[in-house]
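Q: So that you have it, the file is start.cif, and it contains mmCIF, C-alpha atoms:
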data_start
loop_
_atom_site.label_atom_id
_atom_site.label_comp_id
_atom_site.auth_asym_id
_atom_site.auth_seq_id
_atom_site.Cartn_x
_atom_site.Cartn_y
_atom_site.Cartn_z
CA MET A 1 148.59 -51.72 121.22
CA ARG A 2 146.90 -49.08 119.05
CA LYS A 3 147.28 -45.42 119.92
CA ILE A 4 144.15 -43.92 121.47
CA ASP A 5 142.22 -41.43 119.35
CA GLU A 6 141.13 -38.76 121.83
CA ILE A 7 138.55 -37.37 119.43
CA ILE A 8 136.78 -40.63 118.72
CA HIS A 9 137.15 -42.35 122.11
CA GLN A 10 135.18 -39.71 124.02
CA PRO A 11 131.98 -41.56 125.15
CA ILE A 12 129.36 -39.40 123.37
CA ARG A 13 131.35 -39.26 120.14
CA LEU A 14 131.94 -42.99 120.30
CA GLN A 15 128.17 -43.54 120.62
CA LEU A 16 127.52 -41.03 117.84
CA MET A 17 129.80 -42.95 115.50
CA ALA A 18 128.23 -46.27 116.61
CA ALA A 19 124.79 -44.92 115.71
CA LEU A 20 126.00 -43.92 112.24
CA VAL A 21 127.71 -47.26 111.68
CA ALA A 22 124.39 -49.02 112.47
CA LEU A 23 122.75 -47.35 109.44
CA ARG A 24 122.28 -49.28 106.22
CA PRO A 25 124.75 -48.47 103.38
CA GLY A 26 124.05 -45.06 101.86
CA GLU A 27 121.60 -44.11 104.61
CA GLN A 28 121.88 -40.91 106.63
CA MET A 29 120.36 -39.96 109.97
CA GLU A 30 118.40 -36.80 110.70
CA PHE A 31 120.12 -34.38 113.10
CA VAL A 32 117.17 -34.23 115.51
CA TRP A 33 116.79 -38.04 115.74
CA LEU A 34 120.53 -38.36 116.43
CA ARG A 35 120.26 -35.67 119.11
CA ASP A 36 117.37 -37.47 120.82
CA LEU A 37 119.07 -40.86 120.55
CA LEU A 38 122.18 -39.57 122.31
CA ALA A 39 120.15 -37.44 124.75
CA VAL A 40 122.21 -34.29 124.11
CA THR A 41 121.34 -30.70 123.22
CA ASP A 42 121.53 -29.18 119.72
CA GLY A 43 124.65 -27.20 120.66
CA ASN A 44 126.29 -30.19 122.30
CA LEU A 45 125.71 -32.42 119.28
CA GLY A 46 126.90 -29.63 116.97
CA ALA A 47 130.15 -29.35 118.96
CA HIS A 48 130.75 -33.11 118.87
CA LEU A 49 130.06 -33.20 115.13
CA ALA A 50 132.48 -30.32 114.58
CA LYS A 51 135.22 -32.26 116.40
CA LEU A 52 134.54 -35.37 114.33
CA GLU A 53 134.63 -33.23 111.20
CA GLY A 54 138.17 -32.27 112.12
CA ALA A 55 137.71 -28.87 113.80
CA GLU A 56 140.48 -29.69 116.30
CA ASP A 57 142.96 -31.88 114.49
CA GLY A 58 141.99 -31.41 110.84
CA ARG A 59 141.27 -35.14 110.45
CA ASN A 60 137.91 -35.82 108.87
CA ARG A 61 135.98 -38.65 110.53
CA LEU A 62 132.62 -37.46 109.20
CA PRO A 63 131.65 -35.86 105.89
CA ARG A 64 131.86 -32.11 106.45
CA LEU A 65 128.51 -30.34 106.97
CA SER A 66 127.88 -26.65 106.55
CA ALA A 67 127.07 -25.03 109.90
CA SER A 68 123.87 -23.43 108.59
CA ALA A 69 122.47 -26.72 107.36
CA LYS A 70 123.28 -28.71 110.50
CA SER A 71 119.98 -28.67 112.36
CA GLY A 72 117.94 -29.71 109.32
CA CYS A 73 120.32 -32.06 107.58
CA CYS A 74 121.34 -35.64 107.66
CA ILE A 75 124.53 -37.23 108.84
CA GLY A 76 126.10 -40.42 107.54
CA LEU A 77 129.45 -42.14 107.11
CA SER A 78 131.35 -43.18 104.03
CA ALA A 79 132.53 -46.79 103.74
CA THR A 80 136.12 -45.71 104.54
CA GLN A 81 135.00 -43.83 107.64
CA GLU A 82 133.06 -46.89 108.83
CA LYS A 83 136.22 -49.00 108.50
CA GLU A 84 138.23 -46.40 110.41
CA PHE A 85 135.68 -46.48 113.23
CA ALA A 86 135.79 -50.28 113.38
CA GLY A 87 139.58 -49.96 113.68
CA ALA A 88 139.20 -47.43 116.51
CA LEU A 89 137.13 -49.95 118.49
CA LEU A 90 140.05 -52.40 118.38
CA TYR A 91 142.04 -50.15 120.73
CA MET B 1 144.92 -40.24 127.78
CA ASN B 2 144.59 -43.80 129.10
CA ILE B 3 141.53 -45.99 129.31
CA GLY B 4 141.34 -48.74 131.93
CA PRO B 5 139.70 -52.13 131.27
CA GLU B 6 136.55 -51.21 133.22
CA GLU B 7 136.18 -47.91 131.41
CA ALA B 8 136.74 -49.61 128.05
CA LYS B 9 134.11 -52.23 128.92
CA GLU B 10 131.61 -49.50 129.82
CA MET B 11 132.34 -47.63 126.58
CA LEU B 12 131.83 -50.77 124.49
CA GLN B 13 128.58 -51.48 126.30
CA GLY B 14 127.51 -47.93 125.44
CA VAL B 15 128.38 -48.61 121.79
CA ASP B 16 126.35 -51.86 121.80
CA ASP B 17 123.41 -50.12 123.44
CA VAL B 18 123.32 -47.22 120.99
CA THR B 19 123.76 -49.60 118.04
CA SER B 20 120.76 -51.69 119.05
CA ARG B 21 118.65 -48.58 119.77
CA THR B 22 119.56 -47.13 116.36
CA LYS B 23 118.55 -50.34 114.58
CA LYS B 24 115.26 -50.38 116.46
CA MET B 25 114.69 -46.71 115.64
CA ILE B 26 115.33 -47.30 111.93
CA ALA B 27 113.03 -50.32 111.87
CA PHE B 28 110.09 -48.65 113.58
CA GLY B 29 110.67 -44.93 113.02
CA GLY B 30 107.78 -43.44 111.05
CA GLY B 31 106.20 -46.90 110.63
CA ASP B 32 103.73 -46.33 113.46
CA VAL B 33 102.10 -43.35 111.71
CA LEU B 34 101.92 -45.23 108.40
CA PHE B 35 100.16 -48.22 109.96
CA ILE B 36 97.69 -45.92 111.70
CA ILE B 37 96.99 -44.04 108.43
CA TRP B 38 96.40 -47.28 106.48
CA GLY B 39 94.32 -48.68 109.31
CA ILE B 40 92.04 -45.64 109.08
CA ILE B 41 91.88 -45.96 105.26
CA TRP B 42 90.85 -49.63 105.49
CA PHE B 43 88.33 -48.75 108.17
CA ILE B 44 86.64 -45.98 106.15
CA GLY B 45 86.82 -47.97 102.90
CA GLY B 46 85.49 -51.14 104.50
CA LEU B 47 82.60 -49.39 106.22
CA GLY B 48 81.77 -47.40 103.07
CA THR B 49 81.73 -50.55 100.93
CA HIS B 50 79.62 -52.51 103.40
CA PHE B 51 77.01 -49.82 103.90
CA MET B 52 76.85 -48.46 100.33
CA PRO B 53 74.09 -50.94 99.30
CA VAL B 54 72.08 -49.85 102.33
CA LEU B 55 72.52 -46.19 101.43
CA MET B 56 71.56 -46.76 97.79
CA ALA B 57 68.62 -49.10 98.48
CA GLY B 58 65.56 -48.22 96.47
CA HIS B 59 67.44 -46.13 93.90
CA PRO B 60 66.52 -47.16 90.30
CA GLN B 61 70.21 -47.28 89.31
CA ALA B 62 71.35 -48.74 92.65
CA ASN B 63 73.73 -51.41 91.28
CA LEU B 64 75.53 -49.01 88.96
CA LEU B 65 75.75 -46.32 91.64
CA ILE B 66 77.09 -48.74 94.24
CA GLY B 67 79.85 -49.86 91.86
CA VAL B 68 80.84 -46.35 90.82
CA LEU B 69 80.72 -44.86 94.31
CA THR B 70 82.54 -47.75 95.99
CA GLY B 71 85.24 -47.81 93.31
CA SER B 72 85.68 -44.04 93.56
CA LEU B 73 85.82 -44.17 97.35
CA TRP B 74 88.66 -46.71 97.30
CA MET B 75 90.54 -44.91 94.53
CA VAL B 76 90.44 -41.62 96.42
CA LEU B 77 91.36 -43.27 99.74
CA VAL B 78 94.28 -45.27 98.35
CA ALA B 79 95.65 -42.38 96.27
CA ALA B 80 95.42 -40.06 99.30
CA GLY B 81 97.04 -42.77 101.44
CA ILE B 82 100.01 -43.11 99.10
CA ILE B 83 100.53 -39.33 98.95
CA VAL B 84 100.26 -38.92 102.75
CA SER B 85 102.54 -41.94 103.29
CA TYR B 86 105.15 -40.38 101.02
CA ARG B 87 105.04 -37.12 102.96
CA VAL B 88 105.13 -38.91 106.33
CA GLY B 89 108.00 -41.06 105.07
CA ARG B 90 109.97 -37.95 104.26
CA SER B 91 109.28 -35.98 107.43
CA GLY B 92 108.67 -38.65 110.07
CA SER B 93 111.50 -41.05 109.34
CA PRO B 94 114.75 -40.85 111.32
CA THR B 95 116.81 -41.57 108.25
CA ARG B 96 117.10 -40.65 104.59
CA SER B 97 117.95 -43.47 102.30
CA PRO B 98 118.95 -43.31 98.65
CA TRP B 99 116.18 -45.79 97.76
CA GLY B 100 113.33 -43.88 99.47
CA LYS B 101 111.92 -42.60 96.15
CA SER B 102 112.10 -46.06 94.61
CA ILE B 103 110.02 -47.50 97.47
CA GLY B 104 107.41 -44.76 96.94
CA LEU B 105 107.31 -45.53 93.22
CA MET B 106 107.01 -49.25 93.95
CA TRP B 107 103.78 -48.60 95.90
CA TRP B 108 102.34 -46.54 92.99
CA PHE B 109 103.17 -49.33 90.52
CA LEU B 110 101.60 -51.92 92.80
CA TYR B 111 98.44 -49.82 93.10
CA LEU B 112 98.27 -49.39 89.31
CA PHE B 113 98.98 -53.10 88.79
CA VAL B 114 96.07 -54.21 90.99
CA ASN B 115 93.64 -51.71 89.46
CA LEU B 116 94.76 -52.49 85.93
CA TRP B 117 94.24 -56.24 86.42
CA ILE B 118 90.80 -55.78 87.95
CA GLY B 119 89.90 -53.35 85.12
CA LEU B 120 91.17 -55.72 82.42
CA LEU B 121 89.24 -58.66 83.85
CA MET B 122 85.94 -56.80 84.14
CA PRO B 123 84.72 -57.22 80.51
CA PHE B 124 85.13 -61.01 80.81
CA VAL B 125 83.32 -61.37 84.08
CA LYS B 126 79.80 -62.68 83.85
CA ILE B 127 77.96 -62.01 87.07
CA GLN B 128 74.42 -63.19 87.60
CA GLY B 129 72.42 -62.03 90.54
CA GLN B 130 73.06 -60.15 93.73
CA GLN B 131 74.80 -63.04 95.51
CA GLU B 132 77.36 -63.64 92.77
CA SER B 133 78.02 -59.93 92.52
CA HIS B 134 78.66 -59.70 96.25
CA MET B 135 81.01 -62.67 96.17
CA PHE B 136 82.88 -61.26 93.19
CA TRP B 137 83.48 -57.91 94.91
CA THR B 138 84.46 -59.67 98.11
CA HIS B 139 87.13 -61.59 96.22
CA MET B 140 88.31 -58.45 94.43
CA GLY B 141 88.53 -56.69 97.79
CA ALA B 142 90.53 -59.57 99.22
CA ILE B 143 92.96 -59.43 96.29
CA ALA B 144 93.34 -55.65 96.59
CA ALA B 145 93.96 -55.99 100.34
CA THR B 146 96.38 -58.91 100.21
CA VAL B 147 98.61 -57.70 97.35
CA PRO B 148 100.06 -54.86 99.49
CA MET B 149 100.38 -57.37 102.36
CA PHE B 150 102.45 -59.57 100.06
CA ALA B 151 104.60 -56.49 99.32
CA TYR B 152 105.05 -56.08 103.12
CA VAL B 153 106.34 -59.65 103.29
CA VAL B 154 108.80 -59.17 100.40
CA PHE B 155 109.91 -55.81 101.80
CA GLY B 156 110.30 -57.36 105.26
CA LEU B 157 112.50 -60.17 103.96
CA PHE B 158 115.03 -57.63 102.73
CA VAL B 159 114.65 -54.71 105.12
CA ASP B 160 112.73 -54.98 108.40
CA ARG B 161 111.79 -58.52 109.49
CA TYR B 162 108.74 -57.45 111.55
CA MET B 163 106.98 -56.45 108.29
CA VAL B 164 106.96 -60.14 107.29
CA TRP B 165 104.84 -61.04 110.32
CA ILE B 166 102.47 -58.12 109.82
CA GLY B 167 102.03 -59.05 106.13
CA LEU B 168 101.43 -62.74 106.89
CA GLY B 169 99.14 -62.01 109.84
CA MET B 170 96.97 -59.57 107.93
CA THR B 171 96.75 -61.93 104.93
CA ALA B 172 95.62 -64.76 107.20
CA LEU B 173 92.95 -62.51 108.74
CA MET B 174 91.71 -61.45 105.29
CA MET B 175 91.48 -65.09 104.18
CA LEU B 176 89.56 -65.92 107.33
CA GLY B 177 87.15 -63.09 106.50
CA VAL B 178 86.63 -64.35 102.93
CA TYR B 179 86.01 -67.98 103.90
CA LEU B 180 84.16 -67.64 107.18
CA PHE B 181 82.40 -64.27 107.10
CA GLU B 182 81.93 -63.68 103.38
CA PRO B 183 78.65 -61.69 103.72
CA TYR B 184 80.35 -59.37 106.19
CA PHE B 185 83.80 -59.30 104.55
CA TYR B 186 84.05 -55.51 104.23
CA LEU B 187 82.88 -55.03 107.79
CA TRP B 188 85.52 -57.59 108.83
CA MET B 189 88.07 -55.72 106.73
CA ALA B 190 87.15 -52.41 108.41
CA PHE B 191 87.31 -53.62 112.00
CA VAL B 192 89.77 -56.53 111.94
CA GLY B 193 91.96 -55.38 109.02
CA GLY B 194 91.84 -51.61 109.55
CA GLY B 195 91.68 -51.96 113.32
CA GLY B 196 94.55 -54.47 113.22
CA LEU B 197 96.77 -52.14 111.21
CA ALA B 198 96.00 -49.15 113.43
CA ALA B 199 96.56 -51.26 116.56
CA THR B 200 99.93 -52.39 115.17
CA GLY B 201 100.85 -48.73 114.65
CA LEU B 202 99.87 -47.90 118.22
CA LEU B 203 101.77 -50.93 119.53
CA ILE B 204 104.92 -49.84 117.67
CA ARG B 205 104.48 -46.31 118.98
CA ASN B 206 103.89 -47.29 122.61
CA LYS B 207 106.00 -50.40 123.11
CA TRP B 208 108.49 -51.33 120.40
CA LYS B 209 109.69 -47.78 119.79
CA GLN B 210 110.77 -47.35 123.41
CA PRO B 211 114.57 -47.42 123.78
#
Do you think you could lay out the structure here as structure tokens?
A:
Amino acid sequence: MRKIDEIIHQPIRLQLMAALVALRPGEQMEFVWLRDLLAVTDGNLGAHLAKLEGAEDGRNRLPRLSASAKSGCCIGLSATQEKEFAGALLY
Amino acid sequence: MNIGPEEAKEMLQGVDDVTSRTKKMIAFGGGDVLFIIWGIIWFIGGLGTHFMPVLMAGHPQANLLIGVLTGSLWMVLVAAGIIVSYRVGRSGSPTRSPWGKSIGLMWWFLYLFVNLWIGLLMPFVKIQGQQESHMFWTHMGAIAATVPMFAYVVFGLFVDRYMVWIGLGMTALMMLGVYLFEPYFYLWMAFVGGGGLAATGLLIRNKWKQP
């Protein structure tokens, strides 16, 4: 059995990654649309993104975003990160 | 940290749910506003074209004026529509895609293509009488209206399937207008075509866009 990834297997973060995986290749999602989709606050989404960017364990599951750009920017996954997420679902 | 089977099932259901909502959001996000904008453009253009002869009646240069004013009206409306659509596409869409600019350019090329063809054909067209002239401009209007609908179909085949049905449906309605209501084609285009597009936009906004 695979080892659980405590960062990615938290329900909101799991849904966040699922939303990004559903995008077409090369596409990125606007911060505000992602926030509304997950029904979370700006701060809450920011905190989850920071964790996925490796703020806790240094492992990057999302391309790093600058804090100042967060509320107006777009978020997407690289092909490698999509594969990693698919692997995490096999837990 | 351990996850039990029930908890895992719930989490996977959450993943499925958010995946389907994201796909729906991408497919319809921003599209509602665009359909409403183009519905309004068709409505104004259709009404303007239908009533222009009435407005110009009695003028010594009526035929020339009708042609120039109607052509200008459509050119201004379509150009404004493309610019507004581009801005709405940038600000109202949930996603940014690397091919967004290419899609915008594709619409400009399509617009130029239709106008260029109509312009190139004009010197060879021999129109005699009011009735032939009306029929000619009805057919030109139908071509100009159905070419973007064909683009919807092609776009829908590769990106969002619902565009295929909108493109086919609107083309069928335009054909019906040409063959059955030819004298009132532009009025048909304003209410059925423009109204249909705007209603589609409202339907997407009120029903399909709901999570």
Q: What is the CA of Leu34 (chain A) to CA of His9 (chain A) distance in Å?
A: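 It comes out at 18.0 Å.
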Q: For Ile75 (chain A), list every protein, DNA or RNA residue within 7 Å, evaluated using only C-alpha atoms, and leave out those in the same chain fewer than 5 positions away; present the list as a list in words.
A: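 The neighbour list is Gln28, Met29, Glu30 and Phe31 of chain A.
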Q: Using only C-alpha atoms, please write the residues we just selected to a file, as a PDB file, keeping the file's coordinate frame.
A:
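So the final result, stored in out.pdb, reads:
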ATOM      1  CA  GLN A  28     121.880 -40.910 106.630  1.00  0.00           C
ATOM      2  CA  MET A  29     120.360 -39.960 109.970  1.00  0.00           C
ATOM      3  CA  GLU A  30     118.400 -36.800 110.700  1.00  0.00           C
ATOM      4  CA  PHE A  31     120.120 -34.380 113.100  1.00  0.00           C
TER       5      PHE A  31
END
Q: Could you tell me how far CA of His50 (chain B) sits from CA of Tyr186 (chain B), in Å to one decimal place?
A: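 Rounded to one decimal, the two atoms are 5.4 Å apart.
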Q: Between B:Tyr111, B:Phe51, B:Phe158, B:Phe150, which one has atoms that come closest to chain A, using only C-alpha atoms?
A: B:Phe158
Q: Counting all atoms listed in the file, which residue out of A:Leu52, A:Thr80, A:Thr41, A:Arg59 sits closest to Leu16 (chain A)?
A: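 Between A:Leu52, A:Thr80, A:Thr41, A:Arg59, the residue approaching Leu16 (chain A) most closely is A:Leu52.
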Q: Counting only C-alpha atoms, which residues have an atom no more than 10 Å from (116.4, -48.1, 107.8) in the file's coordinates? Please list them as JSON, numbers by chain.
A: {"A": [22, 23, 24, 25, 27, 28, 29], "B": [22, 23, 24, 25, 26, 27, 28, 29, 93, 94, 95, 96, 97, 100, 159, 160]}
Q: Please dump the current selection as a PDB file, in the coordinates of the input; keep C-alpha atoms.
A:
ATOM      1  CA  ALA A  22     124.390 -49.020 112.470  1.00  0.00           C
ATOM      2  CA  LEU A  23     122.750 -47.350 109.440  1.00  0.00           C
ATOM      3  CA  ARG A  24     122.280 -49.280 106.220  1.00  0.00           C
ATOM      4  CA  PRO A  25     124.750 -48.470 103.380  1.00  0.00           C
ATOM      5  CA  GLU A  27     121.600 -44.110 104.610  1.00  0.00           C
ATOM      6  CA  GLN A  28     121.880 -40.910 106.630  1.00  0.00           C
ATOM      7  CA  MET A  29     120.360 -39.960 109.970  1.00  0.00           C
TER       8      MET A  29
ATOM      9  CA  THR B  22     119.560 -47.130 116.360  1.00  0.00           C
ATOM     10  CA  LYS B  23     118.550 -50.340 114.580  1.00  0.00           C
ATOM     11  CA  LYS B  24     115.260 -50.380 116.460  1.00  0.00           C
ATOM     12  CA  MET B  25     114.690 -46.710 115.640  1.00  0.00           C
ATOM     13  CA  ILE B  26     115.330 -47.300 111.930  1.00  0.00           C
ATOM     14  CA  ALA B  27     113.030 -50.320 111.870  1.00  0.00           C
ATOM     15  CA  PHE B  28     110.090 -48.650 113.580  1.00  0.00           C
ATOM     16  CA  GLY B  29     110.670 -44.930 113.020  1.00  0.00           C
ATOM     17  CA  SER B  93     111.500 -41.050 109.340  1.00  0.00           C
ATOM     18  CA  PRO B  94     114.750 -40.850 111.320  1.00  0.00           C
ATOM     19  CA  THR B  95     116.810 -41.570 108.250  1.00  0.00           C
ATOM     20  CA  ARG B  96     117.100 -40.650 104.590  1.00  0.00           C
ATOM     21  CA  SER B  97     117.950 -43.470 102.300  1.00  0.00           C
ATOM     22  CA  GLY B 100     113.330 -43.880  99.470  1.00  0.00           C
ATOM     23  CA  VAL B 159     114.650 -54.710 105.120  1.00  0.00           C
ATOM     24  CA  ASP B 160     112.730 -54.980 108.400  1.00  0.00           C
TER      25      ASP B 160
END
Q: Need to verify the contact set: Thr138 (chain B), 8 Å, all atoms listed in the file, exclusion of same-chain residues closer than 2 positions in sequence. Can you return it as number ranges by chain?
A: B: 134-136, 140-142, 178, 182, 185-186
Q: At a cut-off of 12 Å, can you tabulate as JSON lines every residue of chain A near chain B together with its closest atom pair and the distance in Å to one decimal, using only C-alpha atoms and ordering rows by chain then number?
A:
{"residue": "A:Met1", "atom": "CA", "partner": "B:Asn2", "partner_atom": "CA", "distance": 11.9}
{"residue": "A:Arg2", "atom": "CA", "partner": "B:Asn2", "partner_atom": "CA", "distance": 11.6}
{"residue": "A:Lys3", "atom": "CA", "partner": "B:Asn2", "partner_atom": "CA", "distance": 9.7}
{"residue": "A:Ile4", "atom": "CA", "partner": "B:Met1", "partner_atom": "CA", "distance": 7.3}
{"residue": "A:Asp5", "atom": "CA", "partner": "B:Met1", "partner_atom": "CA", "distance": 8.9}
{"residue": "A:Glu6", "atom": "CA", "partner": "B:Met1", "partner_atom": "CA", "distance": 7.2}
{"residue": "A:Ile7", "atom": "CA", "partner": "B:Met1", "partner_atom": "CA", "distance": 10.9}
{"residue": "A:Ile8", "atom": "CA", "partner": "B:Met11", "partner_atom": "CA", "distance": 11.4}
{"residue": "A:His9", "atom": "CA", "partner": "B:Met11", "partner_atom": "CA", "distance": 8.4}
{"residue": "A:Gln10", "atom": "CA", "partner": "B:Met11", "partner_atom": "CA", "distance": 8.8}
{"residue": "A:Pro11", "atom": "CA", "partner": "B:Met11", "partner_atom": "CA", "distance": 6.2}
{"residue": "A:Ile12", "atom": "CA", "partner": "B:Gly14", "partner_atom": "CA", "distance": 9.0}
{"residue": "A:Arg13", "atom": "CA", "partner": "B:Val15", "partner_atom": "CA", "distance": 9.9}
{"residue": "A:Leu14", "atom": "CA", "partner": "B:Val15", "partner_atom": "CA", "distance": 6.8}
{"residue": "A:Gln15", "atom": "CA", "partner": "B:Val15", "partner_atom": "CA", "distance": 5.2}
{"residue": "A:Leu16", "atom": "CA", "partner": "B:Val18", "partner_atom": "CA", "distance": 8.1}
{"residue": "A:Met17", "atom": "CA", "partner": "B:Val15", "partner_atom": "CA", "distance": 8.6}
{"residue": "A:Ala18", "atom": "CA", "partner": "B:Val15", "partner_atom": "CA", "distance": 5.7}
{"residue": "A:Ala19", "atom": "CA", "partner": "B:Thr19", "partner_atom": "CA", "distance": 5.3}
{"residue": "A:Leu20", "atom": "CA", "partner": "B:Thr22", "partner_atom": "CA", "distance": 8.3}
{"residue": "A:Val21", "atom": "CA", "partner": "B:Thr19", "partner_atom": "CA", "distance": 7.8}
{"residue": "A:Ala22", "atom": "CA", "partner": "B:Thr19", "partner_atom": "CA", "distance": 5.6}
{"residue": "A:Leu23", "atom": "CA", "partner": "B:Lys23", "partner_atom": "CA", "distance": 7.3}
{"residue": "A:Arg24", "atom": "CA", "partner": "B:Ser97", "partner_atom": "CA", "distance": 8.2}
{"residue": "A:Pro25", "atom": "CA", "partner": "B:Ser97", "partner_atom": "CA", "distance": 8.5}
{"residue": "A:Gly26", "atom": "CA", "partner": "B:Pro98", "partner_atom": "CA", "distance": 6.3}
{"residue": "A:Glu27", "atom": "CA", "partner": "B:Ser97", "partner_atom": "CA", "distance": 4.4}
{"residue": "A:Gln28", "atom": "CA", "partner": "B:Arg96", "partner_atom": "CA", "distance": 5.2}
{"residue": "A:Met29", "atom": "CA", "partner": "B:Thr95", "partner_atom": "CA", "distance": 4.3}
{"residue": "A:Glu30", "atom": "CA", "partner": "B:Pro94", "partner_atom": "CA", "distance": 5.5}
{"residue": "A:Phe31", "atom": "CA", "partner": "B:Pro94", "partner_atom": "CA", "distance": 8.6}
{"residue": "A:Val32", "atom": "CA", "partner": "B:Pro94", "partner_atom": "CA", "distance": 8.2}
{"residue": "A:Trp33", "atom": "CA", "partner": "B:Pro94", "partner_atom": "CA", "distance": 5.6}
{"residue": "A:Leu34", "atom": "CA", "partner": "B:Pro94", "partner_atom": "CA", "distance": 8.1}
{"residue": "A:Arg35", "atom": "CA", "partner": "B:Pro94", "partner_atom": "CA", "distance": 10.9}
{"residue": "A:Asp36", "atom": "CA", "partner": "B:Pro94", "partner_atom": "CA", "distance": 10.4}
{"residue": "A:Leu37", "atom": "CA", "partner": "B:Thr22", "partner_atom": "CA", "distance": 7.6}
{"residue": "A:Leu38", "atom": "CA", "partner": "B:Val18", "partner_atom": "CA", "distance": 7.8}
{"residue": "A:Ala39", "atom": "CA", "partner": "B:Val18", "partner_atom": "CA", "distance": 10.9}
{"residue": "A:Gly72", "atom": "CA", "partner": "B:Ser91", "partner_atom": "CA", "distance": 10.9}
{"residue": "A:Cys73", "atom": "CA", "partner": "B:Arg96", "partner_atom": "CA", "distance": 9.6}
{"residue": "A:Cys74", "atom": "CA", "partner": "B:Arg96", "partner_atom": "CA", "distance": 7.2}
{"residue": "A:Ile75", "atom": "CA", "partner": "B:Thr95", "partner_atom": "CA", "distance": 8.9}
{"residue": "A:Gly76", "atom": "CA", "partner": "B:Thr95", "partner_atom": "CA", "distance": 9.4}
{"residue": "A:Phe85", "atom": "CA", "partner": "B:Val15", "partner_atom": "CA", "distance": 11.4}
{"residue": "A:Ala86", "atom": "CA", "partner": "B:Val15", "partner_atom": "CA", "distance": 11.3}
{"residue": "A:Ala88", "atom": "CA", "partner": "B:Leu12", "partner_atom": "CA", "distance": 11.4}
{"residue": "A:Leu89", "atom": "CA", "partner": "B:Leu12", "partner_atom": "CA", "distance": 8.0}
{"residue": "A:Leu90", "atom": "CA", "partner": "B:Leu12", "partner_atom": "CA", "distance": 10.4}
{"residue": "A:Tyr91", "atom": "CA", "partner": "B:Ala8", "partner_atom": "CA", "distance": 9.1}
Q: As an exercise, work out the distance from CA of Ile127 (chain B) to CA of Met174 (chain B) in Å and give it to one decimal place.
A: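 Straight-line distance from CA of Ile127 (chain B) to CA of Met174 (chain B) works out to 22.8 Å.
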Q: Set the distance at 9 Å and use all atoms listed in the file: which residues neighbour region 34-44 of chain B once local chain neighbours fewer than 6 positions away are removed? I'd like the list as a short mmCIF file (atom, residue, chain, number, x, y, z; two decimals) with C-alpha atoms, in the frame of the given file.
A:
data_model
loop_
_atom_site.label_atom_id
_atom_site.label_comp_id
_atom_site.auth_asym_id
_atom_site.auth_seq_id
_atom_site.Cartn_x
_atom_site.Cartn_y
_atom_site.Cartn_z
CA TRP B 74 88.66 -46.71 97.30
CA LEU B 77 91.36 -43.27 99.74
CA VAL B 78 94.28 -45.27 98.35
CA GLY B 81 97.04 -42.77 101.44
CA VAL B 84 100.26 -38.92 102.75
CA SER B 85 102.54 -41.94 103.29
CA VAL B 88 105.13 -38.91 106.33
CA GLY B 89 108.00 -41.06 105.07
CA ALA B 145 93.96 -55.99 100.34
CA TYR B 186 84.05 -55.51 104.23
CA LEU B 187 82.88 -55.03 107.79
CA MET B 189 88.07 -55.72 106.73
CA ALA B 190 87.15 -52.41 108.41
CA PHE B 191 87.31 -53.62 112.00
CA VAL B 192 89.77 -56.53 111.94
CA GLY B 193 91.96 -55.38 109.02
CA GLY B 194 91.84 -51.61 109.55
CA GLY B 195 91.68 -51.96 113.32
CA GLY B 196 94.55 -54.47 113.22
CA LEU B 197 96.77 -52.14 111.21
CA ALA B 198 96.00 -49.15 113.43
CA ALA B 199 96.56 -51.26 116.56
CA THR B 200 99.93 -52.39 115.17
CA GLY B 201 100.85 -48.73 114.65
CA LEU B 202 99.87 -47.90 118.22
#
